[in-house]
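Trainee: Here you go, structure21.cif (mmCIF, C-alpha atoms and all ligand atoms):
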data_structure
#
loop_
_atom_site.label_atom_id
_atom_site.label_comp_id
_atom_site.auth_asym_id
_atom_site.auth_seq_id
_atom_site.Cartn_x
_atom_site.Cartn_y
_atom_site.Cartn_z
CA MET P 461 -71.52 -49.41 85.37
CA ASN P 462 -73.52 -52.63 85.37
CA PHE P 463 -75.28 -51.60 82.18
CA LYS P 464 -71.95 -50.84 80.52
CA ARG P 465 -70.52 -54.14 81.66
CA SER P 466 -73.51 -56.15 80.45
CA SER P 467 -73.49 -54.28 77.12
CA LEU P 468 -69.85 -55.11 76.70
CA PHE P 469 -70.56 -58.71 77.58
CA LEU P 470 -73.36 -58.86 74.99
CA ILE P 471 -71.13 -57.33 72.30
CA ILE P 472 -68.37 -59.86 73.03
CA PHE P 473 -70.90 -62.70 73.17
CA PHE P 474 -72.40 -61.87 69.77
CA PHE P 475 -68.95 -61.27 68.28
CA CYS P 476 -67.92 -64.77 69.42
CA LEU P 477 -71.15 -66.22 68.01
CA GLU P 478 -70.39 -64.54 64.68
CA LEU P 479 -66.85 -65.90 64.64
CA ALA P 480 -68.13 -69.38 65.47
CA ALA P 481 -70.69 -69.13 62.68
CA ILE P 482 -68.03 -68.09 60.16
CA ALA P 483 -65.72 -70.92 61.24
CA ASP P 484 -68.58 -73.42 61.18
CA GLU P 485 -69.64 -72.31 57.73
CA GLY P 486 -66.09 -72.81 56.52
CA GLN P 487 -66.05 -76.37 57.84
CA LYS P 488 -69.50 -77.44 56.70
CA ASN P 489 -69.55 -75.75 53.36
CA PRO P 490 -66.16 -76.35 51.85
CA ASN P 491 -67.29 -75.74 48.28
CA TYR P 492 -66.46 -72.13 47.63
CA SER P 493 -69.39 -70.58 45.73
CA ILE P 494 -67.25 -69.51 42.77
CA LEU P 495 -66.62 -73.20 42.09
CA LYS P 496 -70.29 -73.56 41.12
CA ASN P 497 -69.98 -70.91 38.41
CA THR P 498 -66.42 -71.07 37.17
CA LYS P 499 -65.55 -72.27 33.69
CA ALA P 500 -61.93 -72.87 34.74
CA PRO P 501 -60.94 -76.47 35.59
CA ILE P 502 -61.35 -77.56 39.23
CA SER P 503 -58.76 -80.03 40.51
CA SER P 504 -59.02 -82.22 43.55
CA ILE P 505 -55.93 -83.49 45.32
CA LYS P 506 -54.03 -86.61 46.23
CA ILE P 507 -52.13 -86.74 49.52
CA ILE P 508 -48.55 -87.85 48.95
CA ASN P 509 -47.08 -87.34 52.45
CA ILE P 510 -48.10 -85.94 55.81
CA TYR P 511 -45.51 -84.21 58.01
CA SER P 512 -45.58 -82.66 61.48
CA HIS P 513 -46.10 -78.92 61.86
CA ASP P 514 -45.87 -76.76 64.98
CA SER P 515 -49.51 -76.39 66.06
CA LYS P 516 -48.62 -73.09 67.75
CA ALA P 517 -47.43 -71.58 64.46
CA PHE P 518 -49.90 -69.01 63.15
CA THR P 519 -48.65 -69.56 59.60
CA GLN P 520 -48.68 -66.50 57.36
CA GLY P 521 -46.00 -67.47 54.85
CA LEU P 522 -44.43 -70.75 53.74
CA LEU P 523 -41.79 -71.60 51.15
CA TYR P 524 -39.33 -74.35 50.23
CA TYR P 525 -35.66 -73.63 49.60
CA ASN P 526 -32.71 -76.05 49.24
CA GLY P 527 -34.15 -78.88 51.31
CA TYR P 528 -35.85 -76.83 54.04
CA LEU P 529 -39.12 -75.10 54.68
CA TYR P 530 -39.06 -71.44 55.68
CA GLU P 531 -42.04 -70.12 57.58
CA SER P 532 -43.33 -66.76 58.74
CA THR P 533 -45.66 -66.73 61.73
CA GLY P 534 -48.00 -63.87 62.60
CA LEU P 535 -49.70 -62.23 65.59
CA ASN P 536 -48.18 -59.43 67.67
CA GLY P 537 -45.69 -60.86 70.14
CA LYS P 538 -45.56 -64.21 68.32
CA SER P 539 -44.30 -63.15 64.90
CA ALA P 540 -41.16 -64.92 63.73
CA LEU P 541 -39.09 -66.08 60.80
CA ARG P 542 -38.21 -69.78 60.92
CA LYS P 543 -36.21 -72.43 59.10
CA VAL P 544 -37.89 -75.80 59.55
CA ASN P 545 -36.91 -79.46 59.01
CA ILE P 546 -39.59 -80.87 56.70
CA LYS P 547 -39.70 -84.44 58.05
CA SER P 548 -39.58 -83.69 61.78
CA GLY P 549 -41.25 -80.27 61.77
CA LYS P 550 -38.49 -79.06 64.12
CA VAL P 551 -37.56 -75.39 64.08
CA LEU P 552 -33.84 -75.21 63.21
CA GLN P 553 -33.37 -71.45 63.20
CA GLU P 554 -35.60 -68.59 64.33
CA PHE P 555 -35.71 -64.80 64.41
CA LYS P 556 -38.40 -63.29 66.63
CA LEU P 557 -39.85 -59.93 65.67
CA ASP P 558 -40.55 -57.08 68.04
CA GLN P 559 -44.11 -57.27 69.38
CA ASN P 560 -45.05 -54.15 67.41
CA TYR P 561 -44.94 -56.20 64.23
CA PHE P 562 -47.43 -58.72 62.83
CA ALA P 563 -45.52 -60.78 60.26
CA GLU P 564 -47.06 -62.00 57.01
CA GLY P 565 -45.77 -63.61 53.78
CA ILE P 566 -42.15 -64.46 52.96
CA THR P 567 -40.12 -65.11 49.84
CA ILE P 568 -36.44 -65.70 49.00
CA HIS P 569 -34.77 -63.70 46.28
CA ALA P 570 -31.01 -63.39 45.59
CA ASN P 571 -30.10 -65.07 48.90
CA LYS P 572 -32.26 -62.66 50.86
CA ILE P 573 -35.50 -63.33 52.71
CA TYR P 574 -38.28 -60.75 52.32
CA GLN P 575 -40.88 -60.78 55.10
CA LEU P 576 -44.04 -58.69 54.89
CA THR P 577 -45.96 -57.24 57.80
CA TRP P 578 -49.74 -57.02 57.89
CA GLN P 579 -50.52 -53.40 58.80
CA ASN P 580 -47.06 -52.03 59.65
CA ASN P 581 -46.45 -51.09 55.96
CA ILE P 582 -42.92 -52.45 56.13
CA VAL P 583 -41.05 -55.36 54.55
CA PHE P 584 -37.96 -56.71 56.33
CA VAL P 585 -35.04 -58.07 54.31
CA TYR P 586 -32.79 -60.68 55.97
CA ASP P 587 -29.64 -62.56 55.06
CA LEU P 588 -30.76 -66.07 54.05
CA LEU P 589 -28.06 -67.86 56.04
CA ASN P 590 -27.94 -66.09 59.40
CA PHE P 591 -31.32 -64.25 59.44
CA LYS P 592 -29.44 -60.99 60.08
CA LEU P 593 -31.65 -58.01 59.29
CA LEU P 594 -30.11 -56.24 56.28
CA ASN P 595 -32.64 -53.69 55.19
CA ASN P 596 -36.29 -52.70 55.09
CA PHE P 597 -38.65 -50.91 52.72
CA SER P 598 -42.02 -49.31 53.28
CA TYR P 599 -45.06 -49.86 51.08
CA GLN P 600 -48.63 -48.64 50.77
CA GLY P 601 -51.52 -50.70 52.15
CA GLU P 602 -51.53 -54.06 53.86
CA GLY P 603 -49.10 -56.93 53.30
CA TRP P 604 -50.53 -60.47 52.98
CA GLY P 605 -48.64 -62.91 50.69
CA ILE P 606 -45.44 -62.69 48.65
CA THR P 607 -43.61 -64.97 46.21
CA THR P 608 -40.95 -64.70 43.51
CA GLY P 609 -41.19 -65.32 39.79
CA GLY P 610 -37.39 -65.22 39.45
CA LYS P 611 -37.01 -61.64 38.24
CA ASN P 612 -39.79 -59.84 40.08
CA LEU P 613 -41.76 -60.47 43.26
CA PHE P 614 -45.54 -60.81 43.48
CA MET P 615 -47.39 -59.46 46.50
CA SER P 616 -51.01 -59.73 47.69
CA ASN P 617 -52.83 -57.39 50.06
CA GLY P 618 -56.18 -59.12 50.59
CA THR P 619 -57.83 -57.56 47.53
CA ALA P 620 -58.18 -58.92 43.97
CA VAL P 621 -54.98 -57.10 42.95
CA ILE P 622 -51.48 -58.62 43.00
CA ASP P 623 -48.60 -56.15 42.78
CA CYS P 624 -45.61 -57.08 40.65
CA ILE P 625 -42.63 -55.72 42.62
CA ASP P 626 -39.06 -54.78 41.70
CA PRO P 627 -37.00 -56.50 44.43
CA GLU P 628 -34.17 -53.96 44.34
CA HIS P 629 -36.25 -50.98 45.45
CA PHE P 630 -39.50 -52.73 46.42
CA THR P 631 -41.49 -50.55 44.03
CA VAL P 632 -44.59 -51.61 42.11
CA VAL P 633 -43.79 -52.41 38.46
CA ARG P 634 -47.38 -53.25 37.44
CA LYS P 635 -50.65 -54.40 38.90
CA ILE P 636 -52.37 -57.70 38.13
CA ASN P 637 -56.17 -57.73 38.42
CA VAL P 638 -57.25 -61.27 39.23
CA HIS P 639 -60.49 -62.38 37.60
CA ASP P 640 -62.33 -65.56 36.69
CA GLY P 641 -64.17 -64.57 33.52
CA ASN P 642 -65.92 -61.36 34.61
CA THR P 643 -65.77 -62.15 38.33
CA GLU P 644 -63.15 -60.39 40.41
CA ILE P 645 -61.42 -62.78 42.84
CA GLY P 646 -60.57 -61.04 46.12
CA ASN P 647 -59.16 -62.10 49.49
CA LEU P 648 -56.01 -63.40 47.79
CA ASN P 649 -53.72 -64.49 50.60
CA GLU P 650 -50.61 -66.71 50.77
CA LEU P 651 -48.85 -67.03 47.41
CA GLU P 652 -46.53 -69.40 45.59
CA PHE P 653 -45.09 -69.34 42.09
CA ILE P 654 -45.63 -72.85 40.66
CA ARG P 655 -44.83 -73.95 37.11
CA GLY P 656 -45.14 -70.43 35.72
CA GLU P 657 -48.42 -69.69 37.57
CA ILE P 658 -49.19 -67.75 40.73
CA TRP P 659 -51.09 -69.91 43.21
CA ALA P 660 -53.00 -68.11 45.97
CA ASN P 661 -55.11 -69.48 48.76
CA ILE P 662 -58.29 -67.51 49.36
CA PHE P 663 -58.72 -66.18 52.91
CA MET P 664 -61.35 -68.17 54.87
CA GLU P 665 -61.87 -70.65 52.01
CA ASN P 666 -60.50 -74.14 51.39
CA VAL P 667 -59.42 -73.44 47.84
CA ILE P 668 -56.36 -72.34 45.91
CA VAL P 669 -56.73 -70.26 42.78
CA ARG P 670 -54.22 -70.62 39.92
CA ILE P 671 -53.53 -67.29 38.26
CA SER P 672 -51.82 -66.20 35.05
CA PRO P 673 -49.06 -63.73 36.07
CA GLN P 674 -49.37 -62.07 32.67
CA THR P 675 -53.14 -61.43 32.49
CA GLY P 676 -54.55 -62.11 35.97
CA GLU P 677 -56.97 -64.62 34.42
CA VAL P 678 -57.85 -67.58 36.63
CA LEU P 679 -56.40 -70.72 35.04
CA GLY P 680 -57.91 -73.20 37.48
CA TRP P 681 -58.97 -73.98 41.03
CA VAL P 682 -57.77 -76.55 43.55
CA ASP P 683 -60.30 -77.88 46.08
CA LEU P 684 -58.49 -78.60 49.36
CA SER P 685 -61.52 -79.24 51.57
CA LYS P 686 -60.56 -82.89 52.16
CA LEU P 687 -57.50 -81.80 54.19
CA TYR P 688 -59.72 -80.83 57.14
CA ASN P 689 -60.79 -84.48 57.49
CA LEU P 690 -57.15 -85.45 57.96
CA LEU P 691 -56.52 -83.06 60.85
CA PRO P 692 -56.96 -84.50 64.37
CA GLY P 693 -60.51 -83.84 65.59
CA ASP P 694 -59.43 -82.60 69.01
CA CYS P 695 -57.08 -79.87 67.83
CA ARG P 696 -57.92 -76.21 67.50
CA VAL P 697 -57.12 -75.12 63.95
CA ASP P 698 -57.54 -71.90 62.07
CA VAL P 699 -57.84 -71.36 58.32
CA LEU P 700 -55.80 -72.91 55.56
CA ASN P 701 -52.81 -70.68 54.82
CA GLY P 702 -49.46 -71.71 53.40
CA ILE P 703 -48.25 -72.99 50.04
CA ALA P 704 -44.65 -74.02 49.34
CA TYR P 705 -43.15 -75.49 46.17
CA ASP P 706 -40.02 -77.60 45.66
CA GLN P 707 -39.23 -76.96 42.01
CA ASP P 708 -36.46 -79.59 41.85
CA ARG P 709 -38.69 -82.48 42.93
CA ASP P 710 -42.02 -80.94 41.90
CA ARG P 711 -43.45 -81.18 45.42
CA ILE P 712 -46.26 -78.97 46.75
CA PHE P 713 -46.69 -78.44 50.52
CA ILE P 714 -49.84 -77.08 52.15
CA THR P 715 -50.61 -76.12 55.73
CA GLY P 716 -52.77 -73.75 57.77
CA LYS P 717 -52.69 -71.49 60.80
CA LEU P 718 -52.18 -73.67 63.92
CA TRP P 719 -52.44 -76.86 61.86
CA PRO P 720 -50.44 -79.74 63.39
CA LYS P 721 -49.76 -81.15 59.91
CA ILE P 722 -48.18 -80.15 56.61
CA PHE P 723 -49.49 -82.01 53.58
CA GLU P 724 -47.56 -82.82 50.44
CA ILE P 725 -50.12 -82.97 47.64
CA LYS P 726 -50.51 -83.52 43.94
CA LEU P 727 -53.40 -82.48 41.74
CA SER P 728 -55.51 -85.53 40.91
CA THR P 729 -56.66 -84.11 37.59
CA GLN P 730 -53.34 -83.01 36.15
CA ASP P 731 -53.78 -80.86 33.09
CA HIS P 732 -50.06 -80.73 32.44
CA ASP P 733 -47.08 -83.08 32.43
CA CA M 801 -45.68 -69.43 49.82
#
Could you write out this structure as structure tokens?
Ligand SMILES: [Ca+2]
Mentor:
Amino acid sequence: MNFKRSSLFLIIFFFCLELAAIADEGQKNPNYSILKNTKAPISSIKIINIYSHDSKAFTQGLLYYNGYLYESTGLNGKSALRKVNIKSGKVLQEFKLDQNYFAEGITIHANKIYQLTWQNNIVFVYDLLNFKLLNNFSYQGEGWGITTGGKNLFMSNGTAVIDCIDPEHFTVVRKINVHDGNTEIGNLNELEFIRGEIWANIFMENVIVRISPQTGEVLGWVDLSKLYNLLPGDCRVDVLNGIAYDQDRDRIFITGKLWPKIFEIKLSTQDHD
């Protein structure tokens, strides 16, 4: 009994050490290794505004729609769909999921909200206005991020493949293999469709990759490592996760899991108008 207990303790101890090492590596070494080898342009960022964000929100999906942010939070028992006031960070409307579900990315298409789940293989479809559950579809594999290109949806599952999805039946129309030159880019997480490109943050890294929806080719990188310096030192934060885009005012919002802030940013080396 004692042996079993001490073995268990040792396993937990080393697991925690490993987690701490990973987190520490992420903080100390913000320059993702691909950035040393890529031929695609690397942008840094300018901070335009800083807003409050619920530091208990384990953000898995973020989007902007008609003046509000919509957010999906994960973890079993804490998963929810939220409508949020940008300036105050206050939650204006919320639907809590059953504890069996771990929510992931969200997108809005045709006045409906699509919310992925991580390993439940199910996407929930809600009415945009009242968050009433309208429908659901099942899919193969894990659900990570989702966004809309207008006609079709784009969905990530943690690999280097983004599925292009027909929103009517939630079936895969085609697959997009994401690559930077000859290097496959995996761990694609939260997504946003921005100026005709798919932007994805990379799980456990402080970078966003800009992807051609047509070819999967990497068009550029955004280095977001400076955001960590702007988070309060005493708060417990998890990884960067969450990109939202206001097309009307060309505003980009970034946050992370348990981050107390949402940042409005611009690229400091704009390669477009
Ligand atoms: Ca998003």
Trainee: Tell me, as a ChimeraX atom specification, which residues lie within 12 Å of Lys543 of chain P, counting all atoms listed in the file; anything in the same chain fewer than 3 positions away does not count.
Mentor: /P:521-533,540,546,549-555,566,573,588-591
Trainee: Could those residues be written to a file, using C-alpha atoms, as an mmCIF file, keeping the file's coordinate frame?
Mentor:
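Dumped everything to part.cif:
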data_model
loop_
_atom_site.group_PDB
_atom_site.id
_atom_site.type_symbol
_atom_site.label_atom_id
_atom_site.label_comp_id
_atom_site.auth_asym_id
_atom_site.auth_seq_id
_atom_site.Cartn_x
_atom_site.Cartn_y
_atom_site.Cartn_z
ATOM 1 C CA GLY P 521 -46.000 -67.470 54.850
ATOM 2 C CA LEU P 522 -44.430 -70.750 53.740
ATOM 3 C CA LEU P 523 -41.790 -71.600 51.150
ATOM 4 C CA TYR P 524 -39.330 -74.350 50.230
ATOM 5 C CA TYR P 525 -35.660 -73.630 49.600
ATOM 6 C CA ASN P 526 -32.710 -76.050 49.240
ATOM 7 C CA GLY P 527 -34.150 -78.880 51.310
ATOM 8 C CA TYR P 528 -35.850 -76.830 54.040
ATOM 9 C CA LEU P 529 -39.120 -75.100 54.680
ATOM 10 C CA TYR P 530 -39.060 -71.440 55.680
ATOM 11 C CA GLU P 531 -42.040 -70.120 57.580
ATOM 12 C CA SER P 532 -43.330 -66.760 58.740
ATOM 13 C CA THR P 533 -45.660 -66.730 61.730
ATOM 14 C CA ALA P 540 -41.160 -64.920 63.730
ATOM 15 C CA ILE P 546 -39.590 -80.870 56.700
ATOM 16 C CA GLY P 549 -41.250 -80.270 61.770
ATOM 17 C CA LYS P 550 -38.490 -79.060 64.120
ATOM 18 C CA VAL P 551 -37.560 -75.390 64.080
ATOM 19 C CA LEU P 552 -33.840 -75.210 63.210
ATOM 20 C CA GLN P 553 -33.370 -71.450 63.200
ATOM 21 C CA GLU P 554 -35.600 -68.590 64.330
ATOM 22 C CA PHE P 555 -35.710 -64.800 64.410
ATOM 23 C CA ILE P 566 -42.150 -64.460 52.960
ATOM 24 C CA ILE P 573 -35.500 -63.330 52.710
ATOM 25 C CA LEU P 588 -30.760 -66.070 54.050
ATOM 26 C CA LEU P 589 -28.060 -67.860 56.040
ATOM 27 C CA ASN P 590 -27.940 -66.090 59.400
ATOM 28 C CA PHE P 591 -31.320 -64.250 59.440
#
Trainee: Could you make a table, as JSON lines, of the residues of chain P that have an atom within 8 Å of an atom of ligand CA 801 (chain M), each with its nearest atom pair and distance in Å to one decimal, counting only C-alpha atoms and all ligand atoms, in chain and number order?
Mentor:
{"residue": "P:Gly521", "atom": "CA", "partner": "M:CA801", "partner_atom": "CA", "distance": 5.4}
{"residue": "P:Leu522", "atom": "CA", "partner": "M:CA801", "partner_atom": "CA", "distance": 4.3}
{"residue": "P:Leu523", "atom": "CA", "partner": "M:CA801", "partner_atom": "CA", "distance": 4.6}
{"residue": "P:Gly565", "atom": "CA", "partner": "M:CA801", "partner_atom": "CA", "distance": 7.0}
{"residue": "P:Ile566", "atom": "CA", "partner": "M:CA801", "partner_atom": "CA", "distance": 6.9}
{"residue": "P:Thr567", "atom": "CA", "partner": "M:CA801", "partner_atom": "CA", "distance": 7.0}
{"residue": "P:Gly605", "atom": "CA", "partner": "M:CA801", "partner_atom": "CA", "distance": 7.2}
{"residue": "P:Ile606", "atom": "CA", "partner": "M:CA801", "partner_atom": "CA", "distance": 6.8}
{"residue": "P:Thr607", "atom": "CA", "partner": "M:CA801", "partner_atom": "CA", "distance": 6.1}
{"residue": "P:Glu650", "atom": "CA", "partner": "M:CA801", "partner_atom": "CA", "distance": 5.7}
{"residue": "P:Leu651", "atom": "CA", "partner": "M:CA801", "partner_atom": "CA", "distance": 4.6}
{"residue": "P:Glu652", "atom": "CA", "partner": "M:CA801", "partner_atom": "CA", "distance": 4.3}
{"residue": "P:Phe653", "atom": "CA", "partner": "M:CA801", "partner_atom": "CA", "distance": 7.8}
{"residue": "P:Gly702", "atom": "CA", "partner": "M:CA801", "partner_atom": "CA", "distance": 5.7}
{"residue": "P:Ile703", "atom": "CA", "partner": "M:CA801", "partner_atom": "CA", "distance": 4.4}
{"residue": "P:Ala704", "atom": "CA", "partner": "M:CA801", "partner_atom": "CA", "distance": 4.7}
{"residue": "P:Tyr705", "atom": "CA", "partner": "M:CA801", "partner_atom": "CA", "distance": 7.5}
Trainee: Using all atoms listed in the file, which of the listed residues (P:Ile645, P:Ala500, P:Leu718, P:Leu557) sits closest to Leu700 of chain P?
Mentor: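 Using all atoms listed in the file, the shortest distance to Leu700 of chain P belongs to P:Leu718.
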Trainee: Neighbours of Val682 of chain P within 9 Å (all atoms listed in the file; same-chain residues fewer than 2 positions away dropped), as a list of chain:residue names?
Mentor: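 These residues fall inside the cut-off: P:Pro501, P:Ile502, P:Ser503, P:Ser504, P:Ile505, P:Asn666, P:Val667, P:Ile668, P:Val669, P:Arg670, P:Gly680, P:Leu684, P:Leu727.
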Trainee: Tell me, in Å to one decimal, how far atom CA of Leu613 of chain P is from atom CA of Pro627 of chain P.
Mentor: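 A separation of 6.3 Å between them.
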Trainee: Please measure the separation of atom CA of Asn497 of chain P and atom CA of Ser728 of chain P, giving the value in Å to one decimal.
Mentor: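 Here the two named atoms are 20.7 Å from each other.
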Trainee: Mind giving me the straight-line distance from atom CA of Ser539 of chain P to atom CA of Asp558 of chain P in Å, one decimal?
Mentor: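 Separation of atom CA of Ser539 of chain P and atom CA of Asp558 of chain P: 7.8 Å.
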Trainee: Would you mind telling me which residue in P:Lys611, P:Lys572, P:Lys496, P:Lys635 lies nearest to Asn596 of chain P when using all atoms listed in the file?
Mentor: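 Of the candidates, the smallest distance to Asn596 of chain P is held by P:Lys572.
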Trainee: Near Asn612 of chain P, within 12 Å and counting all atoms listed in the file, which residues show up once chain neighbours fewer than 5 positions away are dropped, as a list in words?
Mentor: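 Contacts, in chain order: Thr567, Ile568, His569, Ala570, Ile606, Thr607, Asp623, Cys624, Ile625, Asp626, Pro627, Glu628, His629, Phe630, Thr631, Val632, Val633, Arg634, Phe653 and Pro673 of chain P.
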Trainee: Given the point (-47.3, -80.3, 42.9) in the coordinates of this file, which residues lie within 7 Å, counting only C-alpha atoms, and how would they look as a list in words?
Mentor: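 Final list of nearby residues, as requested, is Asp710, Arg711, Ile712, Ile725, Lys726 and Leu727 of chain P.
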Trainee: Keeping only C-alpha atoms, take the residues you just selected and write them out as a PDB file, in the coordinates of the input.
Mentor:
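The new file selection_27.pdb reads:
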ATOM      1  CA  ASP P 710     -42.020 -80.940  41.900  1.00  0.00           C
ATOM      2  CA  ARG P 711     -43.450 -81.180  45.420  1.00  0.00           C
ATOM      3  CA  ILE P 712     -46.260 -78.970  46.750  1.00  0.00           C
ATOM      4  CA  ILE P 725     -50.120 -82.970  47.640  1.00  0.00           C
ATOM      5  CA  LYS P 726     -50.510 -83.520  43.940  1.00  0.00           C
ATOM      6  CA  LEU P 727     -53.400 -82.480  41.740  1.00  0.00           C
TER       7      LEU P 727
END
Trainee: Identify which of the residues P:Ala620, P:Ser672, P:Gln520, P:Leu535 lies closest to Trp604 of chain P, counting only C-alpha atoms when measuring atom-to-atom distances.
Mentor: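 Of the candidates, the smallest distance to Trp604 of chain P is held by P:Gln520.
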Trainee: Skip Ile510 of chain P itself and residues of its chain fewer than 3 positions away, then list as a PDB file with C-alpha atoms, keeping the file's coordinate frame all residues within 8 Å of it, counting only C-alpha atoms.
Mentor:
ATOM      1  CA  ILE P 507     -52.130 -86.740  49.520  1.00  0.00           C
ATOM      2  CA  LYS P 721     -49.760 -81.150  59.910  1.00  0.00           C
ATOM      3  CA  ILE P 722     -48.180 -80.150  56.610  1.00  0.00           C
ATOM      4  CA  PHE P 723     -49.490 -82.010  53.580  1.00  0.00           C
ATOM      5  CA  GLU P 724     -47.560 -82.820  50.440  1.00  0.00           C
TER       6      GLU P 724
END
Trainee: Do you know which residues are at most 7 Å from Phe597 of chain P counting all atoms listed in the file, after dropping those on the same chain fewer than 6 positions away, and could you put them as a ChimeraX atom specification?
Mentor: /P:582-584,630
Trainee: Which residue out of P:Asn642, P:Thr608, P:Ser515, P:Gln600 has the minimum interatomic distance to Glu657 of chain P when all atoms listed in the file are used?
Mentor: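 Using all atoms listed in the file, Glu657 of chain P sits closest to P:Thr608.
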Trainee: Let me make sure I understand: among P:Leu687, P:Met615, P:Ile658, P:Ile622, which one has the smallest atom-to-atom distance to Thr577 of chain P if we use all atoms listed in the file?
Mentor: P:Met615
Trainee: Can you report as JSON the centre and edge lengths in Å, to one decimal, of an axis-aligned box around the listed atoms of segment 551-556 of chain P padded with 6 Å on each side?
Mentor:
{"center_x": -35.9, "center_y": -69.3, "center_z": 64.9, "size_x": 17.0, "size_y": 24.1, "size_z": 15.4}
Trainee: Return the single residue from P:Asn637, P:Asn689, P:Lys506, P:Gly610 that is closest to Thr729 of chain P, with distances computed using all atoms listed in the file.
Mentor: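 Looking at the shortest contact to Thr729 of chain P, the residue is P:Lys506.
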